[in-house]
file coords14.pdb (PDB, C-alpha atoms and all ligand atoms)
MODEL        1
ATOM      1  CA  MET P 351       0.000   0.000   0.000
ATOM      2  CA  LYS P 352       1.372   3.420  -0.977
ATOM      3  CA  ALA P 353       0.730   6.007   1.692
ATOM      4  CA  ALA P 354       1.814   9.613   2.087
ATOM      5  CA  ILE P 355       1.717  12.253   4.792
ATOM      6  CA  TYR P 356       0.427  15.735   4.079
ATOM      7  CA  PRO P 357       1.898  17.783   6.952
ATOM      8  CA  GLY P 358       1.054  21.378   7.730
ATOM      9  CA  SER P 359      -0.228  23.928  10.188
ATOM     10  CA  PHE P 360      -3.748  24.029   8.679
ATOM     11  CA  ASP P 361      -4.667  27.052  10.809
ATOM     12  CA  PRO P 362      -7.256  26.793   9.294
ATOM     13  CA  VAL P 363      -7.551  24.374   6.381
ATOM     14  CA  THR P 364      -8.442  26.244   3.156
ATOM     15  CA  PHE P 365      -9.864  25.236  -0.227
ATOM     16  CA  GLY P 366      -6.224  25.247  -1.417
ATOM     17  CA  HIS P 367      -5.282  22.537   1.112
ATOM     18  CA  LEU P 368      -8.456  20.577   0.340
ATOM     19  CA  ASP P 369      -7.581  20.639  -3.357
ATOM     20  CA  ILE P 370      -4.164  19.109  -2.569
ATOM     21  CA  ILE P 371      -5.770  16.523  -0.261
ATOM     22  CA  LYS P 372      -8.328  15.417  -2.893
ATOM     23  CA  ARG P 373      -5.773  15.169  -5.668
ATOM     24  CA  SER P 374      -3.156  13.350  -3.610
ATOM     25  CA  ALA P 375      -5.831  10.914  -2.365
ATOM     26  CA  GLU P 376      -6.311   9.916  -6.016
ATOM     27  CA  ILE P 377      -2.590   9.202  -6.392
ATOM     28  CA  PHE P 378      -1.925   7.368  -3.102
ATOM     29  CA  ASP P 379      -3.824   4.536  -1.408
ATOM     30  CA  GLU P 380      -3.839   6.475   1.826
ATOM     31  CA  ILE P 381      -3.154  10.071   2.818
ATOM     32  CA  ILE P 382      -2.533  11.059   6.411
ATOM     33  CA  VAL P 383      -3.159  14.754   6.834
ATOM     34  CA  SER P 384      -1.182  15.672   9.906
ATOM     35  CA  VAL P 385      -1.350  18.886  11.884
ATOM     36  CA  LEU P 386       1.949  20.107  13.312
ATOM     37  CA  ASP P 387       1.657  20.751  17.038
ATOM     38  CA  ASN P 388       4.110  23.642  17.194
ATOM     39  CA  LYS P 389       4.406  25.239  20.595
ATOM     40  CA  THR P 390       6.439  28.164  19.267
ATOM     41  CA  LYS P 391       3.679  29.486  16.991
ATOM     42  CA  SER P 392       0.544  31.088  18.393
ATOM     43  CA  PRO P 393      -2.205  29.648  16.225
ATOM     44  CA  LEU P 394      -5.806  30.846  16.003
ATOM     45  CA  PHE P 395      -7.099  27.282  16.498
ATOM     46  CA  SER P 396      -5.799  24.614  18.871
ATOM     47  CA  VAL P 397      -4.423  21.402  17.385
ATOM     48  CA  GLU P 398      -7.582  19.581  18.519
ATOM     49  CA  GLU P 399      -9.804  22.172  16.811
ATOM     50  CA  ARG P 400      -7.775  21.949  13.599
ATOM     51  CA  VAL P 401      -7.940  18.152  13.625
ATOM     52  CA  THR P 402     -11.723  18.264  14.164
ATOM     53  CA  MET P 403     -12.183  20.785  11.323
ATOM     54  CA  LEU P 404     -10.037  18.705   8.985
ATOM     55  CA  LYS P 405     -11.911  15.491   9.855
ATOM     56  CA  GLU P 406     -15.199  17.146   8.988
ATOM     57  CA  ALA P 407     -13.796  18.681   5.777
ATOM     58  CA  VAL P 408     -12.450  15.343   4.449
ATOM     59  CA  LYS P 409     -15.159  13.034   5.769
ATOM     60  CA  ASP P 410     -16.290  12.095   2.245
ATOM     61  CA  ILE P 411     -12.829  10.978   1.106
ATOM     62  CA  PRO P 412     -12.474   7.428   2.456
ATOM     63  CA  ASN P 413      -8.696   7.051   2.084
ATOM     64  CA  VAL P 414      -7.834  10.215   4.036
ATOM     65  CA  LYS P 415      -7.011  10.093   7.746
ATOM     66  CA  VAL P 416      -6.353  13.053  10.017
ATOM     67  CA  ASP P 417      -3.750  13.079  12.757
ATOM     68  CA  SER P 418      -1.320  15.443  14.522
ATOM     69  CA  PHE P 419       2.370  15.292  15.290
ATOM     70  CA  ARG P 420       5.071  16.961  17.357
ATOM     71  CA  GLY P 421       8.760  17.247  16.620
ATOM     72  CA  LEU P 422      10.452  16.349  13.380
ATOM     73  CA  LEU P 423       8.486  15.210  10.359
ATOM     74  CA  ILE P 424      11.098  12.556   9.573
ATOM     75  CA  ASP P 425      10.589  10.935  13.003
ATOM     76  CA  TYR P 426       6.820  10.952  12.586
ATOM     77  CA  ALA P 427       7.115   9.494   9.080
ATOM     78  CA  LYS P 428       9.442   6.757  10.369
ATOM     79  CA  GLU P 429       7.005   5.884  13.152
ATOM     80  CA  LYS P 430       4.231   5.547  10.530
ATOM     81  CA  ASN P 431       6.550   3.742   8.102
ATOM     82  CA  ILE P 432       5.758   6.295   5.390
ATOM     83  CA  HIS P 433       8.313   7.483   2.845
ATOM     84  CA  VAL P 434       6.564  10.326   1.046
ATOM     85  CA  ALA P 435       5.432  13.757   2.191
ATOM     86  CA  VAL P 436       3.055  15.738   0.001
ATOM     87  CA  ARG P 437       3.148  19.525  -0.181
ATOM     88  CA  GLY P 438       1.371  22.069  -2.341
ATOM     89  CA  LEU P 439       3.196  24.714  -4.336
ATOM     90  CA  ARG P 440       1.430  27.964  -5.139
ATOM     91  CA  ALA P 441       4.196  30.156  -6.470
ATOM     92  CA  ILE P 442       7.932  30.541  -6.828
ATOM     93  CA  THR P 443       8.031  32.087  -3.349
ATOM     94  CA  ASP P 444       6.763  28.788  -1.903
ATOM     95  CA  PHE P 445       9.337  26.900  -3.918
ATOM     96  CA  GLU P 446      12.423  28.292  -2.151
ATOM     97  CA  TYR P 447      11.028  27.527   1.301
ATOM     98  CA  GLU P 448       9.679  24.120   0.296
ATOM     99  CA  LEU P 449      12.853  23.079  -1.507
ATOM    100  CA  GLN P 450      14.896  23.767   1.611
ATOM    101  CA  ILE P 451      12.536  21.776   3.856
ATOM    102  CA  ALA P 452      12.336  18.895   1.362
ATOM    103  CA  GLN P 453      16.104  18.696   0.999
ATOM    104  CA  THR P 454      16.632  18.952   4.758
ATOM    105  CA  ASN P 455      14.161  16.108   5.322
ATOM    106  CA  HIS P 456      15.811  14.013   2.630
ATOM    107  CA  VAL P 457      19.260  14.465   4.162
ATOM    108  CA  LEU P 458      18.114  14.094   7.797
ATOM    109  CA  SER P 459      16.181  10.915   6.986
ATOM    110  CA  LYS P 460      19.176   9.497   5.070
ATOM    111  CA  GLY P 461      17.054   9.298   1.935
ATOM    112  CA  ARG P 462      14.053   7.652   3.609
ATOM    113  CA  LEU P 463      11.687  10.599   3.189
ATOM    114  CA  ASP P 464      10.951  12.150  -0.182
ATOM    115  CA  THR P 465       8.662  15.105  -0.834
ATOM    116  CA  MET P 466       6.191  15.153  -3.684
ATOM    117  CA  PHE P 467       4.880  18.535  -4.807
ATOM    118  CA  LEU P 468       1.513  19.197  -6.342
ATOM    119  CA  THR P 469       0.953  22.586  -7.900
ATOM    120  CA  THR P 470      -2.119  24.238  -6.465
ATOM    121  CA  THR P 471      -5.064  24.609  -8.818
ATOM    122  CA  LEU P 472      -4.884  28.174 -10.222
ATOM    123  CA  GLU P 473      -8.252  29.056  -8.709
ATOM    124  CA  TYR P 474      -6.688  28.706  -5.236
ATOM    125  CA  ALA P 475      -3.153  29.900  -5.978
ATOM    126  CA  TYR P 476      -3.636  33.169  -4.079
ATOM    127  CA  LEU P 477      -5.034  31.553  -0.941
ATOM    128  CA  SER P 478      -3.230  31.272   2.370
ATOM    129  CA  SER P 479      -4.401  30.544   5.904
ATOM    130  CA  SER P 480      -2.876  33.849   7.060
ATOM    131  CA  SER P 481      -4.731  35.953   4.493
ATOM    132  CA  VAL P 482      -7.990  34.123   5.297
ATOM    133  CA  LYS P 483      -7.491  34.997   8.981
ATOM    134  CA  GLU P 484      -6.663  38.610   8.226
ATOM    135  CA  ILE P 485      -9.742  39.042   5.998
ATOM    136  CA  ALA P 486     -11.985  37.363   8.598
ATOM    137  CA  SER P 487     -10.560  39.466  11.426
ATOM    138  CA  PHE P 488     -11.913  42.550   9.616
ATOM    139  CA  ASN P 489     -15.215  40.804   8.873
ATOM    140  CA  GLY P 490     -14.381  40.402   5.184
ATOM    141  CA  ASP P 491     -15.839  37.737   2.923
ATOM    142  CA  ILE P 492     -13.992  34.399   3.119
ATOM    143  CA  SER P 493     -16.711  32.286   1.487
ATOM    144  CA  GLY P 494     -14.467  31.590  -1.514
ATOM    145  CA  CYS P 495     -11.561  30.518   0.690
ATOM    146  CA  VAL P 496     -12.853  27.925   3.164
ATOM    147  CA  PRO P 497     -15.926  25.683   3.595
ATOM    148  CA  LYS P 498     -18.916  27.447   5.166
ATOM    149  CA  PHE P 499     -18.675  25.618   8.523
ATOM    150  CA  ILE P 500     -15.019  26.666   8.840
ATOM    151  CA  ALA P 501     -15.791  30.281   7.901
ATOM    152  CA  ASP P 502     -18.387  30.333  10.709
ATOM    153  CA  LEU P 503     -15.839  28.952  13.198
ATOM    154  CA  ILE P 504     -13.272  31.599  12.169
ATOM    155  CA  TYR P 505     -15.764  34.462  12.532
ATOM    156  CA  ASP P 506     -16.825  33.043  15.942
ATOM    157  CA  LYS P 507     -13.199  32.923  17.061
ATOM    158  CA  TYR P 508     -12.610  36.575  16.135
ATOM    159  CA  ARG P 509     -15.883  37.601  17.783
ATOM    160  CA  ILE P 510     -14.687  36.012  21.047
ATOM    161  CA  LEU P 511     -11.180  37.506  20.703
ATOM    162  CA  ASN P 512     -12.603  40.981  19.978
ATOM    163  CA  GLN P 513     -14.974  40.697  22.957
ATOM    164  CA  GLU P 514     -12.072  39.693  25.217
ATOM    165  CA  SER P 515      -9.907  42.605  24.044
ATOM    166  CA  ASN P 516     -12.806  45.073  24.527
ATOM    167  CA  GLU P 517     -13.250  43.834  28.108
ATOM    168  CA  LEU P 518      -9.604  44.559  28.989
TER     169      LEU P 518
HETATM  170  O1  LIG Y   1       1.644  24.669   6.807
HETATM  171  P1  LIG Y   1       3.085  24.992   7.094
HETATM  172  O2  LIG Y   1       3.200  25.769   8.387
HETATM  173  O3  LIG Y   1       3.775  25.671   5.942
HETATM  174  O4  LIG Y   1       3.814  23.562   7.314
HETATM  175  C1  LIG Y   1       5.187  23.486   7.626
HETATM  176  C2  LIG Y   1       5.573  22.056   8.054
HETATM  177  C3  LIG Y   1       4.642  21.567   9.161
HETATM  178  C4  LIG Y   1       5.468  21.119   6.878
HETATM  179  C5  LIG Y   1       7.046  22.073   8.542
HETATM  180  O5  LIG Y   1       7.237  23.167   9.381
HETATM  181  C6  LIG Y   1       7.424  20.812   9.305
HETATM  182  O6  LIG Y   1       7.410  19.720   8.777
HETATM  183  N1  LIG Y   1       7.740  20.992  10.599
HETATM  184  C7  LIG Y   1       8.099  19.898  11.479
HETATM  185  C8  LIG Y   1       9.505  20.099  12.027
HETATM  186  C9  LIG Y   1      10.538  19.537  11.051
HETATM  187  O7  LIG Y   1      10.502  18.393  10.688
HETATM  188  N2  LIG Y   1      11.493  20.390  10.645
HETATM  189  C10 LIG Y   1      12.577  19.962   9.772
HETATM  190  C11 LIG Y   1      12.460  20.522   8.379
HETATM  191  S1  LIG Y   1      13.169  22.137   8.367
ENDMDL
END

call {"tool": "encode", "arguments": {"input": "coords14.pdb", "output": "structure tokens"}}
result
Amino acid sequence: MKAAIYPGSFDPVTFGHLDIIKRSAEIFDEIIVSVLDNKTKSPLFSVEERVTMLKEAVKDIPNVKVDSFRGLLIDYAKEKNIHVAVRGLRAITDFEYELQIAQTNHVLSKGRLDTMFLTTTLEYAYLSSSSVKEIASFNGDISGCVPKFIADLIYDKYRILNQESNEL
């Protein structure tokens, strides 16, 4: 069975990520979408919230599982006995960053972990989790960026955060 990991922050998952998930699920027998639990970043959503959102968003794709991991991707991949990581490429700016990570992982894993890149569908090439958050924080329209149930959760989050900052 050919399996791959799609690692990322997914804070939150966007239509761009979902496009990569759907297309890679057609190439591999199994895709494990795994949320990085990174204590140094301050995400909008907790790891548990991101995992729950992802599970709901991919529930109709039977060969996709959702998980989370801490530490190095190569260690997680070894534990799962998986040799391929999938990443999406939107533009040349992604390429430099992604190339460095992919090469680092290849060297660190002594050739055990390869990275396969899928180019994002043009329709979603401009999308990023950070821009979605920024638009939502100013009550802008994110209906073209994330599924409706996720958009509602993002707006709710900012409503709570704004309330908390007004109370201070
Ligand atoms: O969605 P993101 O934030 O661009 O995803 C980045 C991610 C999670 C793929 C990358 O930061 C990662 O794999 N981090 C785990 C730590 C690691 O293995 N680092 C070594 C490569 S530099």

call {"tool": "residues_near_ligand", "arguments": {"input": "coords14.pdb", "ligand": "ligand LIG 1 (chain Y)", "cutoff": "6 Å", "atoms": "all atoms listed in the file", "output": "ChimeraX atom specification"}}
result
/P:357-360,386,421-424,451,454-455

call {"tool": "residues_around", "arguments": {"input": "coords14.pdb", "residues": "P:Asn431", "least_positions_apart": "2", "cutoff": "10 Å", "atoms": "only C-alpha atoms", "output": "list of chain:residue names"}}
result
P:Ala353, P:Ala354, P:Asp425, P:Tyr426, P:Ala427, P:Lys428, P:Glu429, P:His433, P:Val434, P:Arg462, P:Leu463

call {"tool": "write_last_selection", "arguments": {"input": "coords14.pdb", "atoms": "C-alpha atoms", "output": "PDB file, in the frame of the given file"}}
result
ATOM      1  CA  ALA P 353       0.730   6.007   1.692  1.00  0.00           C
ATOM      2  CA  ALA P 354       1.814   9.613   2.087  1.00  0.00           C
ATOM      3  CA  ASP P 425      10.589  10.935  13.003  1.00  0.00           C
ATOM      4  CA  TYR P 426       6.820  10.952  12.586  1.00  0.00           C
ATOM      5  CA  ALA P 427       7.115   9.494   9.080  1.00  0.00           C
ATOM      6  CA  LYS P 428       9.442   6.757  10.369  1.00  0.00           C
ATOM      7  CA  GLU P 429       7.005   5.884  13.152  1.00  0.00           C
ATOM      8  CA  HIS P 433       8.313   7.483   2.845  1.00  0.00           C
ATOM      9  CA  VAL P 434       6.564  10.326   1.046  1.00  0.00           C
ATOM     10  CA  ARG P 462      14.053   7.652   3.609  1.00  0.00           C
ATOM     11  CA  LEU P 463      11.687  10.599   3.189  1.00  0.00           C
TER      12      LEU P 463
END

call {"tool": "closest_residue", "arguments": {"input": "coords14.pdb", "among": "P:Ile355, P:Asp379, P:Glu398, P:Phe467", "to": "P:Leu439", "atoms": "all atoms listed in the file"}}
result
P:Phe467

call {"tool": "closest_residue", "arguments": {"input": "coords14.pdb", "among": "P:Ser479, P:Val414, P:Arg440, P:Leu449", "to": "P:Ile500", "atoms": "all atoms listed in the file"}}
result
P:Ser479

call {"tool": "closest_residue", "arguments": {"input": "coords14.pdb", "among": "P:Ile432, P:Ile382, P:Met403, P:Ile492", "to": "P:Asp361", "atoms": "all atoms listed in the file"}}
result
P:Met403

call {"tool": "atom_distance", "arguments": {"input": "coords14.pdb", "atom1": "atom CA of P:Ser384", "atom2": "atom CA of P:Thr402"}}
result
11.7 Å

call {"tool": "axis_aligned_box", "arguments": {"input": "coords14.pdb", "around": "stretch 450-467 of chain P", "padding_each_side": "8 Å", "output": "lines of an AutoDock Vina configuration file"}}
result
center_x = 12.1
center_y = 15.7
center_z = 1.5
size_x = 30.4
size_y = 32.1
size_z = 28.6

call {"tool": "resolve_selection", "arguments": {"input": "coords14.pdb", "expression": "the PyMOL selection byres (((chain P and resi 397) around 12) and not hetatm)", "output": "PyMOL selection string"}}
result
chain P and resi 358-363+384-389+391-396+398-404+416-420

call {"tool": "atom_distance", "arguments": {"input": "coords14.pdb", "atom1": "atom CA of P:Asn516", "atom2": "atom CA of P:Glu484"}}
result
18.6 Å

call {"tool": "atom_distance", "arguments": {"input": "coords14.pdb", "atom1": "atom CA of P:Lys483", "atom2": "atom CA of P:Pro412"}}
result
28.8 Å

call {"tool": "resolve_selection", "arguments": {"input": "coords14.pdb", "expression": "the PyMOL selection byres (((chain P and resi 369) around 12) and not hetatm)", "output": "PDB file with C-alpha atoms, keeping the file's coordinate frame"}}
result
ATOM      1  CA  TYR P 356       0.427  15.735   4.079  1.00  0.00           C
ATOM      2  CA  VAL P 363      -7.551  24.374   6.381  1.00  0.00           C
ATOM      3  CA  THR P 364      -8.442  26.244   3.156  1.00  0.00           C
ATOM      4  CA  PHE P 365      -9.864  25.236  -0.227  1.00  0.00           C
ATOM      5  CA  GLY P 366      -6.224  25.247  -1.417  1.00  0.00           C
ATOM      6  CA  HIS P 367      -5.282  22.537   1.112  1.00  0.00           C
ATOM      7  CA  LEU P 368      -8.456  20.577   0.340  1.00  0.00           C
ATOM      8  CA  ILE P 370      -4.164  19.109  -2.569  1.00  0.00           C
ATOM      9  CA  ILE P 371      -5.770  16.523  -0.261  1.00  0.00           C
ATOM     10  CA  LYS P 372      -8.328  15.417  -2.893  1.00  0.00           C
ATOM     11  CA  ARG P 373      -5.773  15.169  -5.668  1.00  0.00           C
ATOM     12  CA  SER P 374      -3.156  13.350  -3.610  1.00  0.00           C
ATOM     13  CA  ALA P 375      -5.831  10.914  -2.365  1.00  0.00           C
ATOM     14  CA  GLU P 376      -6.311   9.916  -6.016  1.00  0.00           C
ATOM     15  CA  ALA P 407     -13.796  18.681   5.777  1.00  0.00           C
ATOM     16  CA  VAL P 408     -12.450  15.343   4.449  1.00  0.00           C
ATOM     17  CA  ILE P 411     -12.829  10.978   1.106  1.00  0.00           C
ATOM     18  CA  ARG P 437       3.148  19.525  -0.181  1.00  0.00           C
ATOM     19  CA  GLY P 438       1.371  22.069  -2.341  1.00  0.00           C
ATOM     20  CA  LEU P 439       3.196  24.714  -4.336  1.00  0.00           C
ATOM     21  CA  ARG P 440       1.430  27.964  -5.139  1.00  0.00           C
ATOM     22  CA  LEU P 468       1.513  19.197  -6.342  1.00  0.00           C
ATOM     23  CA  THR P 469       0.953  22.586  -7.900  1.00  0.00           C
ATOM     24  CA  THR P 470      -2.119  24.238  -6.465  1.00  0.00           C
ATOM     25  CA  THR P 471      -5.064  24.609  -8.818  1.00  0.00           C
ATOM     26  CA  LEU P 472      -4.884  28.174 -10.222  1.00  0.00           C
ATOM     27  CA  GLU P 473      -8.252  29.056  -8.709  1.00  0.00           C
ATOM     28  CA  TYR P 474      -6.688  28.706  -5.236  1.00  0.00           C
ATOM     29  CA  ALA P 475      -3.153  29.900  -5.978  1.00  0.00           C
ATOM     30  CA  LEU P 477      -5.034  31.553  -0.941  1.00  0.00           C
ATOM     31  CA  CYS P 495     -11.561  30.518   0.690  1.00  0.00           C
ATOM     32  CA  VAL P 496     -12.853  27.925   3.164  1.00  0.00           C
ATOM     33  CA  PRO P 497     -15.926  25.683   3.595  1.00  0.00           C
TER      34      PRO P 497
END

call {"tool": "decode", "arguments": {"input": "coords14.pdb", "residues": "stretch 486-497 of chain P", "atoms": "all heavy atoms", "output": "PDB file, in the first residue's frame"}}
result
ATOM      1  N   ALA P 486     -10.905  37.657   7.635  1.00  0.00           N
ATOM      2  CA  ALA P 486     -11.985  37.363   8.598  1.00  0.00           C
ATOM      3  C   ALA P 486     -11.917  38.274   9.812  1.00  0.00           C
ATOM      4  O   ALA P 486     -12.948  38.677  10.347  1.00  0.00           O
ATOM      5  CB  ALA P 486     -11.912  35.908   9.028  1.00  0.00           C
ATOM      6  N   SER P 487     -10.691  38.636  10.227  1.00  0.00           N
ATOM      7  CA  SER P 487     -10.560  39.466  11.426  1.00  0.00           C
ATOM      8  C   SER P 487     -11.175  40.845  11.215  1.00  0.00           C
ATOM      9  O   SER P 487     -11.550  41.520  12.158  1.00  0.00           O
ATOM     10  CB  SER P 487      -9.094  39.588  11.848  1.00  0.00           C
ATOM     11  OG  SER P 487      -8.398  40.411  10.943  1.00  0.00           O
ATOM     12  N   PHE P 488     -11.272  41.261   9.928  1.00  0.00           N
ATOM     13  CA  PHE P 488     -11.913  42.550   9.616  1.00  0.00           C
ATOM     14  C   PHE P 488     -13.312  42.336   9.034  1.00  0.00           C
ATOM     15  O   PHE P 488     -13.829  43.176   8.314  1.00  0.00           O
ATOM     16  CB  PHE P 488     -11.041  43.351   8.650  1.00  0.00           C
ATOM     17  CG  PHE P 488      -9.734  43.783   9.258  1.00  0.00           C
ATOM     18  CD1 PHE P 488      -8.536  43.210   8.844  1.00  0.00           C
ATOM     19  CD2 PHE P 488      -9.707  44.736  10.269  1.00  0.00           C
ATOM     20  CE1 PHE P 488      -7.330  43.592   9.412  1.00  0.00           C
ATOM     21  CE2 PHE P 488      -8.496  45.129  10.844  1.00  0.00           C
ATOM     22  CZ  PHE P 488      -7.309  44.556  10.419  1.00  0.00           C
ATOM     23  N   ASN P 489     -13.864  41.139   9.317  1.00  0.00           N
ATOM     24  CA  ASN P 489     -15.215  40.804   8.873  1.00  0.00           C
ATOM     25  C   ASN P 489     -15.397  40.742   7.362  1.00  0.00           C
ATOM     26  O   ASN P 489     -16.492  40.946   6.850  1.00  0.00           O
ATOM     27  CB  ASN P 489     -16.217  41.793   9.460  1.00  0.00           C
ATOM     28  CG  ASN P 489     -17.166  41.070  10.378  1.00  0.00           C
ATOM     29  OD1 ASN P 489     -17.509  39.900  10.120  1.00  0.00           O
ATOM     30  ND2 ASN P 489     -17.559  41.735  11.440  1.00  0.00           N
ATOM     31  N   GLY P 490     -14.301  40.509   6.647  1.00  0.00           N
ATOM     32  CA  GLY P 490     -14.381  40.402   5.184  1.00  0.00           C
ATOM     33  C   GLY P 490     -14.949  39.062   4.761  1.00  0.00           C
ATOM     34  O   GLY P 490     -15.146  38.156   5.579  1.00  0.00           O
ATOM     35  N   ASP P 491     -15.191  38.936   3.472  1.00  0.00           N
ATOM     36  CA  ASP P 491     -15.839  37.737   2.923  1.00  0.00           C
ATOM     37  C   ASP P 491     -14.809  36.640   2.647  1.00  0.00           C
ATOM     38  O   ASP P 491     -13.929  36.803   1.800  1.00  0.00           O
ATOM     39  CB  ASP P 491     -16.561  38.137   1.620  1.00  0.00           C
ATOM     40  CG  ASP P 491     -17.251  36.965   0.965  1.00  0.00           C
ATOM     41  OD1 ASP P 491     -17.344  35.881   1.586  1.00  0.00           O
ATOM     42  OD2 ASP P 491     -17.698  37.129  -0.190  1.00  0.00           O
ATOM     43  N   ILE P 492     -14.929  35.519   3.345  1.00  0.00           N
ATOM     44  CA  ILE P 492     -13.992  34.399   3.119  1.00  0.00           C
ATOM     45  C   ILE P 492     -14.727  33.184   2.543  1.00  0.00           C
ATOM     46  O   ILE P 492     -14.224  32.070   2.595  1.00  0.00           O
ATOM     47  CB  ILE P 492     -13.213  34.014   4.412  1.00  0.00           C
ATOM     48  CG1 ILE P 492     -14.168  33.777   5.594  1.00  0.00           C
ATOM     49  CG2 ILE P 492     -12.178  35.063   4.761  1.00  0.00           C
ATOM     50  CD1 ILE P 492     -13.498  33.112   6.800  1.00  0.00           C
ATOM     51  N   SER P 493     -15.922  33.425   1.979  1.00  0.00           N
ATOM     52  CA  SER P 493     -16.711  32.286   1.487  1.00  0.00           C
ATOM     53  C   SER P 493     -16.033  31.555   0.324  1.00  0.00           C
ATOM     54  O   SER P 493     -16.272  30.375   0.115  1.00  0.00           O
ATOM     55  CB  SER P 493     -18.114  32.743   1.085  1.00  0.00           C
ATOM     56  OG  SER P 493     -18.003  33.756   0.115  1.00  0.00           O
ATOM     57  N   GLY P 494     -15.160  32.241  -0.405  1.00  0.00           N
ATOM     58  CA  GLY P 494     -14.467  31.590  -1.514  1.00  0.00           C
ATOM     59  C   GLY P 494     -13.175  30.915  -1.084  1.00  0.00           C
ATOM     60  O   GLY P 494     -12.448  30.350  -1.913  1.00  0.00           O
ATOM     61  N   CYS P 495     -12.867  31.005   0.201  1.00  0.00           N
ATOM     62  CA  CYS P 495     -11.561  30.518   0.690  1.00  0.00           C
ATOM     63  C   CYS P 495     -11.638  29.237   1.513  1.00  0.00           C
ATOM     64  O   CYS P 495     -10.717  28.426   1.485  1.00  0.00           O
ATOM     65  CB  CYS P 495     -10.904  31.578   1.573  1.00  0.00           C
ATOM     66  SG  CYS P 495     -10.816  33.219   0.869  1.00  0.00           S
ATOM     67  N   VAL P 496     -12.718  29.081   2.264  1.00  0.00           N
ATOM     68  CA  VAL P 496     -12.853  27.925   3.164  1.00  0.00           C
ATOM     69  C   VAL P 496     -14.304  27.431   3.145  1.00  0.00           C
ATOM     70  O   VAL P 496     -15.213  28.210   2.819  1.00  0.00           O
ATOM     71  CB  VAL P 496     -12.480  28.294   4.640  1.00  0.00           C
ATOM     72  CG1 VAL P 496     -11.019  28.662   4.787  1.00  0.00           C
ATOM     73  CG2 VAL P 496     -13.347  29.426   5.163  1.00  0.00           C
ATOM     74  N   PRO P 497     -14.542  26.161   3.503  1.00  0.00           N
ATOM     75  CA  PRO P 497     -15.926  25.683   3.595  1.00  0.00           C
ATOM     76  C   PRO P 497     -16.729  26.526   4.588  1.00  0.00           C
ATOM     77  O   PRO P 497     -16.158  27.069   5.540  1.00  0.00           O
ATOM     78  CB  PRO P 497     -15.782  24.239   4.091  1.00  0.00           C
ATOM     79  CG  PRO P 497     -14.381  23.840   3.731  1.00  0.00           C
ATOM     80  CD  PRO P 497     -13.560  25.102   3.804  1.00  0.00           C
TER      81      PRO P 497
END
